[in-house]
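*Asks:* The structure that follows is given in the form of structure tokens.
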Amino acid sequence: MAQALLLLCCYLIRDDFGPIIEEVAKVLLQKGRLPLVSISKFSKQNLSKTRECLFVLIQHNLVYWAETREGSRNSIHYSIEQSEILARLNFGIYVKYANEWARHRGADEITHYMLLTGKGTFTGFIEDRNISKRTNKFKELKETFNKMVVKRYLTPVKITDSKSAQDKASEAEQRELAKVTNFIPTKKQMAEVKAKLAAVADDDNVSTGSKRKINFENVENIERPAKQQKGEDSVDENQYFRVNYEKFNAKSRNRQIVEFVKTRINQSASIITKVILDIADDEKPSDIESRAISAQRIIRSVPVEKTDLFNQQMQSARRGVTREILIKQYLDYLMENDDANILRKKDENTGGMYTFRYHEVCESLKKEIFEDVIMEKYGFKGLRIVRILSEKGKLDEKAIINLALMNPLEVRQKLTELMIGGFLQIQEVPRSADRAPSRTFYLWDVDYKRCYDALLNYYYRTLANIHQVRFDYESGSSRLLEKKEKEDALRQLNRSSNIQLLNEIERKKLQELEQILTQLDTVQLRIIQNVMLFRKYK
């Protein structure tokens, strides 16, 4: 594991759970799968405390455990999931946009509770909020909770969730091999089993944690209550749920795409893009493209507002241009424009069936962010060299000088800086067997995949530095923060705002500290969105 990524994971655990649990997590991150005794030994803590730390990490979906047979006894091994730790970077985004994405009030409260507890029940959420079942608030939250489960923002917790994907795959392979032979399997049998497991599709009828009500239309001599909707789902209040990160990540990706289209084209195109993404409502950020959507459905779904941009554009356009024609023109532009490359027309049914090209749009987004970073770090000359190599392929230094129209000394300096940053690679092409430098061509090349990995590693280092700086500031002002918390607690207890424990100098220092922490949070949020883009949409 890269050192920057290891540091970032440790800092995230420390910020959320404290230094003791951080030591246990660090051991698992460095050593991999280990039993309890080995974890206790490497973390230099007693077995009881190590077990408690593991319980906390398991509750928050960070650690998996699996029971394995070793000789005559069973042994439990623990492993930590790196992606689950990095997902904690996005928790603020999940809570902030939960109401907007789920389209129900109270979704942010439910999301916040589930992220805070790792996994929980609807009953636990109601008890935590101290809400009576007779109030309208309870009915509203229950409806919101039910909709979040149906739309897969929340997923039910199952017994098998305690096992990692590697353990599940290994067990499935062992079961299939046991059906084939009782002896050591041959290479052909192994290949057949792996191909069979790879071809098995996920069952669509996955438990959602809901209890299906009776459809009264298919049952004779039974009256259906007037207020009950047929086929309505009811939440199992004692079922444990957790936040579905993939669904929230997909929604965050869609938000970035809409902003990208708005910047690249205009606001009207971004409105149509948002409508298409809402209709598709895909659950995985790794999807290459969406399902096919008809043009008529897109046109019907575009909202009509008082300050409708389409009406304004129709007034400025030639006569005979209707709203439907204008939206179809936008769809054709999104499909045909080389810079956008957003839609693909699948067939001509119902006015045209369109699919959204997630992969191409995300690649354009990543390229734009990458070029902005190159521009910021190496200037316009560095960006010019990168673009030339991207367009022309492998070139030697002399060819780059001729194409870039730059001073040879500047070109050599920029090439060296870009190579040290991990954004350029050099290829040796010897003209003789002795590989003498004087008889060797040196070709420069840019590989965007490697560049994105280098940029992602740079983001990890930056986030780790931000967490360390934040920790240092808070540790240095720990006495001041404790005093502020005590003042707030006394004010809340006595219901009075006249209680003051901080003097003017301390209040000024506290205000300066809050400004610094706010700046760090702003920078961190901007980087987190880029990390999600480069990490999830490869």
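Simple scheme: letters A, B, ... for chains in structure tokens order, numbers from 1 for residues in each chain, numbers from 1 for ligands in the order shown.
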I'd like the contact shell of A:Tyr113 - 9 Å cut-off, only C-alpha atoms, skipping same-chain residues fewer than 5 positions apart - returned as an MDAnalysis selection string.
*Replies:* chainID A and resid 108 118:120 125 128
*Asks:* Could you please take those selected residues and save N, CA and C atoms as a PDB file, in the first residue's frame?
*Replies:*
```pdb
ATOM      1  N   ASP A 108     -31.894  13.452   5.307  1.00  0.00           N
ATOM      2  CA  ASP A 108     -30.587  13.813   5.858  1.00  0.00           C
ATOM      3  C   ASP A 108     -30.439  13.333   7.299  1.00  0.00           C
ATOM      4  N   GLY A 118     -23.120   3.306  11.958  1.00  0.00           N
ATOM      5  CA  GLY A 118     -22.624   2.216  11.123  1.00  0.00           C
ATOM      6  C   GLY A 118     -23.748   1.416  10.516  1.00  0.00           C
ATOM      7  N   LYS A 119     -24.594   0.884  11.343  1.00  0.00           N
ATOM      8  CA  LYS A 119     -25.805   0.172  10.908  1.00  0.00           C
ATOM      9  C   LYS A 119     -26.845   0.297  12.019  1.00  0.00           C
ATOM     10  N   GLY A 120     -28.108   0.345  11.637  1.00  0.00           N
ATOM     11  CA  GLY A 120     -29.143   0.531  12.650  1.00  0.00           C
ATOM     12  C   GLY A 120     -30.518   0.204  12.117  1.00  0.00           C
ATOM     13  N   PHE A 125     -33.574   4.469  15.348  1.00  0.00           N
ATOM     14  CA  PHE A 125     -33.545   5.862  14.892  1.00  0.00           C
ATOM     15  C   PHE A 125     -34.628   6.677  15.587  1.00  0.00           C
ATOM     16  N   ASP A 128     -33.703   7.199  19.204  1.00  0.00           N
ATOM     17  CA  ASP A 128     -32.606   8.164  19.315  1.00  0.00           C
ATOM     18  C   ASP A 128     -33.124   9.593  19.178  1.00  0.00           C
TER      19      ASP A 128
END
```
*Asks:* Quick one: residues within 12 Å of A:Ala165, only C-alpha atoms, excluding same-chain residues fewer than 3 positions away - as a PyMOL selection string?
*Replies:* chain A and resi 64-66+79-81+160-162+168-172
*Asks:* Nearest residue to A:Arg103 out of A:Arg134, A:Lys26, A:Lys151, A:Lys49, using only C-alpha atoms?
*Replies:*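 Nearest to A:Arg103: A:Lys151.
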*Asks:* Under the rule that only C-alpha atoms are counted, which of A:Gln524, A:Ser164, A:Thr121, A:Thr355 is the nearest residue to A:Leu334?
*Replies:*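 Of all the options, A:Thr355 lies closest to A:Leu334.
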*Asks:* Mind checking which residues fall within 7 Å of A:Val27, counting only C-alpha atoms, ignoring those fewer than 5 positions away in the same chain, and posting them as a list in words?
*Replies:* Ile39, Phe42 and Ser43 of chain A
*Asks:* For the residues selected in the previous step, produce a file with N, CA, C and O atoms as a PDB file, in the first residue's frame.
*Replies:*
```
ATOM      1  N   ILE A  39      -3.093  -9.641  16.174  1.00  0.00           N
ATOM      2  CA  ILE A  39      -3.433  -8.219  16.187  1.00  0.00           C
ATOM      3  C   ILE A  39      -3.076  -7.600  17.529  1.00  0.00           C
ATOM      4  O   ILE A  39      -2.522  -6.495  17.596  1.00  0.00           O
ATOM      5  N   PHE A  42       0.850  -7.201  17.712  1.00  0.00           N
ATOM      6  CA  PHE A  42       1.435  -6.130  16.895  1.00  0.00           C
ATOM      7  C   PHE A  42       0.982  -4.747  17.352  1.00  0.00           C
ATOM      8  O   PHE A  42       1.736  -3.777  17.232  1.00  0.00           O
ATOM      9  N   SER A  43      -0.262  -4.636  17.850  1.00  0.00           N
ATOM     10  CA  SER A  43      -0.757  -3.332  18.309  1.00  0.00           C
ATOM     11  C   SER A  43      -0.331  -3.019  19.739  1.00  0.00           C
ATOM     12  O   SER A  43      -0.593  -1.911  20.226  1.00  0.00           O
TER      13      SER A  43
END
```
*Asks:* So that I can see what lies close to A:Tyr330, please list as a PyMOL selection string the residues with an atom at most 12 Å from it, counting only C-alpha atoms and leaving out residues fewer than 4 positions away in the same chain.
*Replies:* chain A and resi 261+265-273+295+298-299+310+313+323-326+334-337+340+342-343
*Asks:* For atom CA of A:Tyr458 and atom CA of A:Ser477, quote the distance in Å rounded to one decimal.
*Replies:* 28.8 Å
*Asks:* Considering only C-alpha atoms, state which residue in the set A:Glu474, A:Glu259, A:Thr416, A:Val302 is at the smallest distance from A:Ile279.
*Replies:* A:Val302
*Asks:* Where in stretch 119-164 of chain A does DSSP assign strand (DSSP E or B), given as a PyMOL selection string?
*Replies:* chain A and resi 120+154-156
*Asks:* Give me a file of those residues, with N, CA and C atoms, as a PDB file, in the first residue's frame.
*Replies:*
```
ATOM      1  N   GLY A 120     -28.108   0.345  11.637  1.00  0.00           N
ATOM      2  CA  GLY A 120     -29.143   0.531  12.650  1.00  0.00           C
ATOM      3  C   GLY A 120     -30.518   0.204  12.117  1.00  0.00           C
ATOM      4  N   LEU A 154     -30.653   2.911   1.281  1.00  0.00           N
ATOM      5  CA  LEU A 154     -30.333   2.079   2.440  1.00  0.00           C
ATOM      6  C   LEU A 154     -30.445   0.618   2.016  1.00  0.00           C
ATOM      7  N   THR A 155     -29.505  -0.192   2.455  1.00  0.00           N
ATOM      8  CA  THR A 155     -29.537  -1.614   2.123  1.00  0.00           C
ATOM      9  C   THR A 155     -29.594  -2.436   3.403  1.00  0.00           C
ATOM     10  N   PRO A 156     -30.314  -3.564   3.390  1.00  0.00           N
ATOM     11  CA  PRO A 156     -30.406  -4.399   4.592  1.00  0.00           C
ATOM     12  C   PRO A 156     -29.078  -5.070   4.900  1.00  0.00           C
TER      13      PRO A 156
END
```
*Asks:* Just to confirm, what's the straight-line distance from atom CA of A:Thr68 to atom CA of A:Lys31 in Å (one decimal)?
*Replies:*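 Straight-line distance from atom CA of A:Thr68 to atom CA of A:Lys31 works out to 18.1 Å.
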*Asks:* Do you know which residues are at most 9 Å from A:Thr50 counting only C-alpha atoms, after dropping those on the same chain fewer than 4 positions away, and could you put them as a VMD selection string?
*Replies:* chain A and resid 20 to 21 24 36 to 37 39 to 40 43 45 to 46 54 to 55
*Asks:* Using N, CA and C atoms, can you export the residues from the last selection as a PDB file, in the first residue's frame?
*Replies:*
```
ATOM      1  N   ILE A  20      -6.425   4.725  19.940  1.00  0.00           N
ATOM      2  CA  ILE A  20      -6.309   3.300  20.292  1.00  0.00           C
ATOM      3  C   ILE A  20      -6.821   2.427  19.146  1.00  0.00           C
ATOM      4  N   ILE A  21      -7.999   2.760  18.636  1.00  0.00           N
ATOM      5  CA  ILE A  21      -8.541   2.011  17.498  1.00  0.00           C
ATOM      6  C   ILE A  21      -7.680   2.223  16.258  1.00  0.00           C
ATOM      7  N   VAL A  24      -4.983  -0.464  16.069  1.00  0.00           N
ATOM      8  CA  VAL A  24      -5.504  -1.761  15.612  1.00  0.00           C
ATOM      9  C   VAL A  24      -5.728  -1.736  14.108  1.00  0.00           C
ATOM     10  N   LEU A  36      -6.919 -12.736  16.195  1.00  0.00           N
ATOM     11  CA  LEU A  36      -6.981 -11.784  17.311  1.00  0.00           C
ATOM     12  C   LEU A  36      -5.658 -11.707  18.065  1.00  0.00           C
ATOM     13  N   VAL A  37      -5.036 -12.835  18.300  1.00  0.00           N
ATOM     14  CA  VAL A  37      -3.786 -12.864  19.082  1.00  0.00           C
ATOM     15  C   VAL A  37      -2.690 -12.065  18.383  1.00  0.00           C
ATOM     16  N   ILE A  39      -3.093  -9.641  16.174  1.00  0.00           N
ATOM     17  CA  ILE A  39      -3.433  -8.219  16.187  1.00  0.00           C
ATOM     18  C   ILE A  39      -3.076  -7.600  17.529  1.00  0.00           C
ATOM     19  N   SER A  40      -3.375  -8.319  18.611  1.00  0.00           N
ATOM     20  CA  SER A  40      -3.049  -7.830  19.950  1.00  0.00           C
ATOM     21  C   SER A  40      -1.538  -7.689  20.127  1.00  0.00           C
ATOM     22  N   SER A  43      -0.262  -4.636  17.850  1.00  0.00           N
ATOM     23  CA  SER A  43      -0.757  -3.332  18.309  1.00  0.00           C
ATOM     24  C   SER A  43      -0.331  -3.019  19.739  1.00  0.00           C
ATOM     25  N   GLN A  45      -1.479  -4.150  22.621  1.00  0.00           N
ATOM     26  CA  GLN A  45      -2.610  -3.962  23.522  1.00  0.00           C
ATOM     27  C   GLN A  45      -3.089  -5.329  23.993  1.00  0.00           C
ATOM     28  N   ASN A  46      -3.778  -5.345  25.132  1.00  0.00           N
ATOM     29  CA  ASN A  46      -4.260  -6.615  25.652  1.00  0.00           C
ATOM     30  C   ASN A  46      -5.419  -7.144  24.803  1.00  0.00           C
ATOM     31  N   LEU A  54     -12.025  -4.098  17.685  1.00  0.00           N
ATOM     32  CA  LEU A  54     -12.521  -4.819  16.513  1.00  0.00           C
ATOM     33  C   LEU A  54     -14.040  -4.781  16.448  1.00  0.00           C
ATOM     34  N   PHE A  55     -14.713  -4.863  17.603  1.00  0.00           N
ATOM     35  CA  PHE A  55     -16.180  -4.780  17.634  1.00  0.00           C
ATOM     36  C   PHE A  55     -16.652  -3.433  17.080  1.00  0.00           C
TER      37      PHE A  55
END
```
*Asks:* List every residue of stretch 393-487 of chain A that has an atom at most 9 Å from any atom of stretch 367-379 of chain A, giving for each one its closest atom pair and the distance in Å to one decimal, counting only C-alpha atoms, sorted by chain and then by ascending residue number, as CSV.
*Replies:*
```
residue,atom,partner,partner_atom,distance
A:Lys414,CA,A:Tyr378,CA,7.4
A:Glu417,CA,A:Tyr378,CA,8.0
A:Leu418,CA,A:Tyr378,CA,7.8
A:Phe423,CA,A:Ile374,CA,9.0
A:Tyr448,CA,A:Lys367,CA,8.1
A:Cys451,CA,A:Phe370,CA,8.0
A:Tyr452,CA,A:Phe370,CA,7.4
A:Leu455,CA,A:Phe370,CA,7.6
```
*Asks:* A:Arg33, A:His104, A:Lys247, A:His112: which is nearest A:Phe145, counting only C-alpha atoms?
*Replies:*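 Distance minimum relative to A:Phe145 lands on A:His104.
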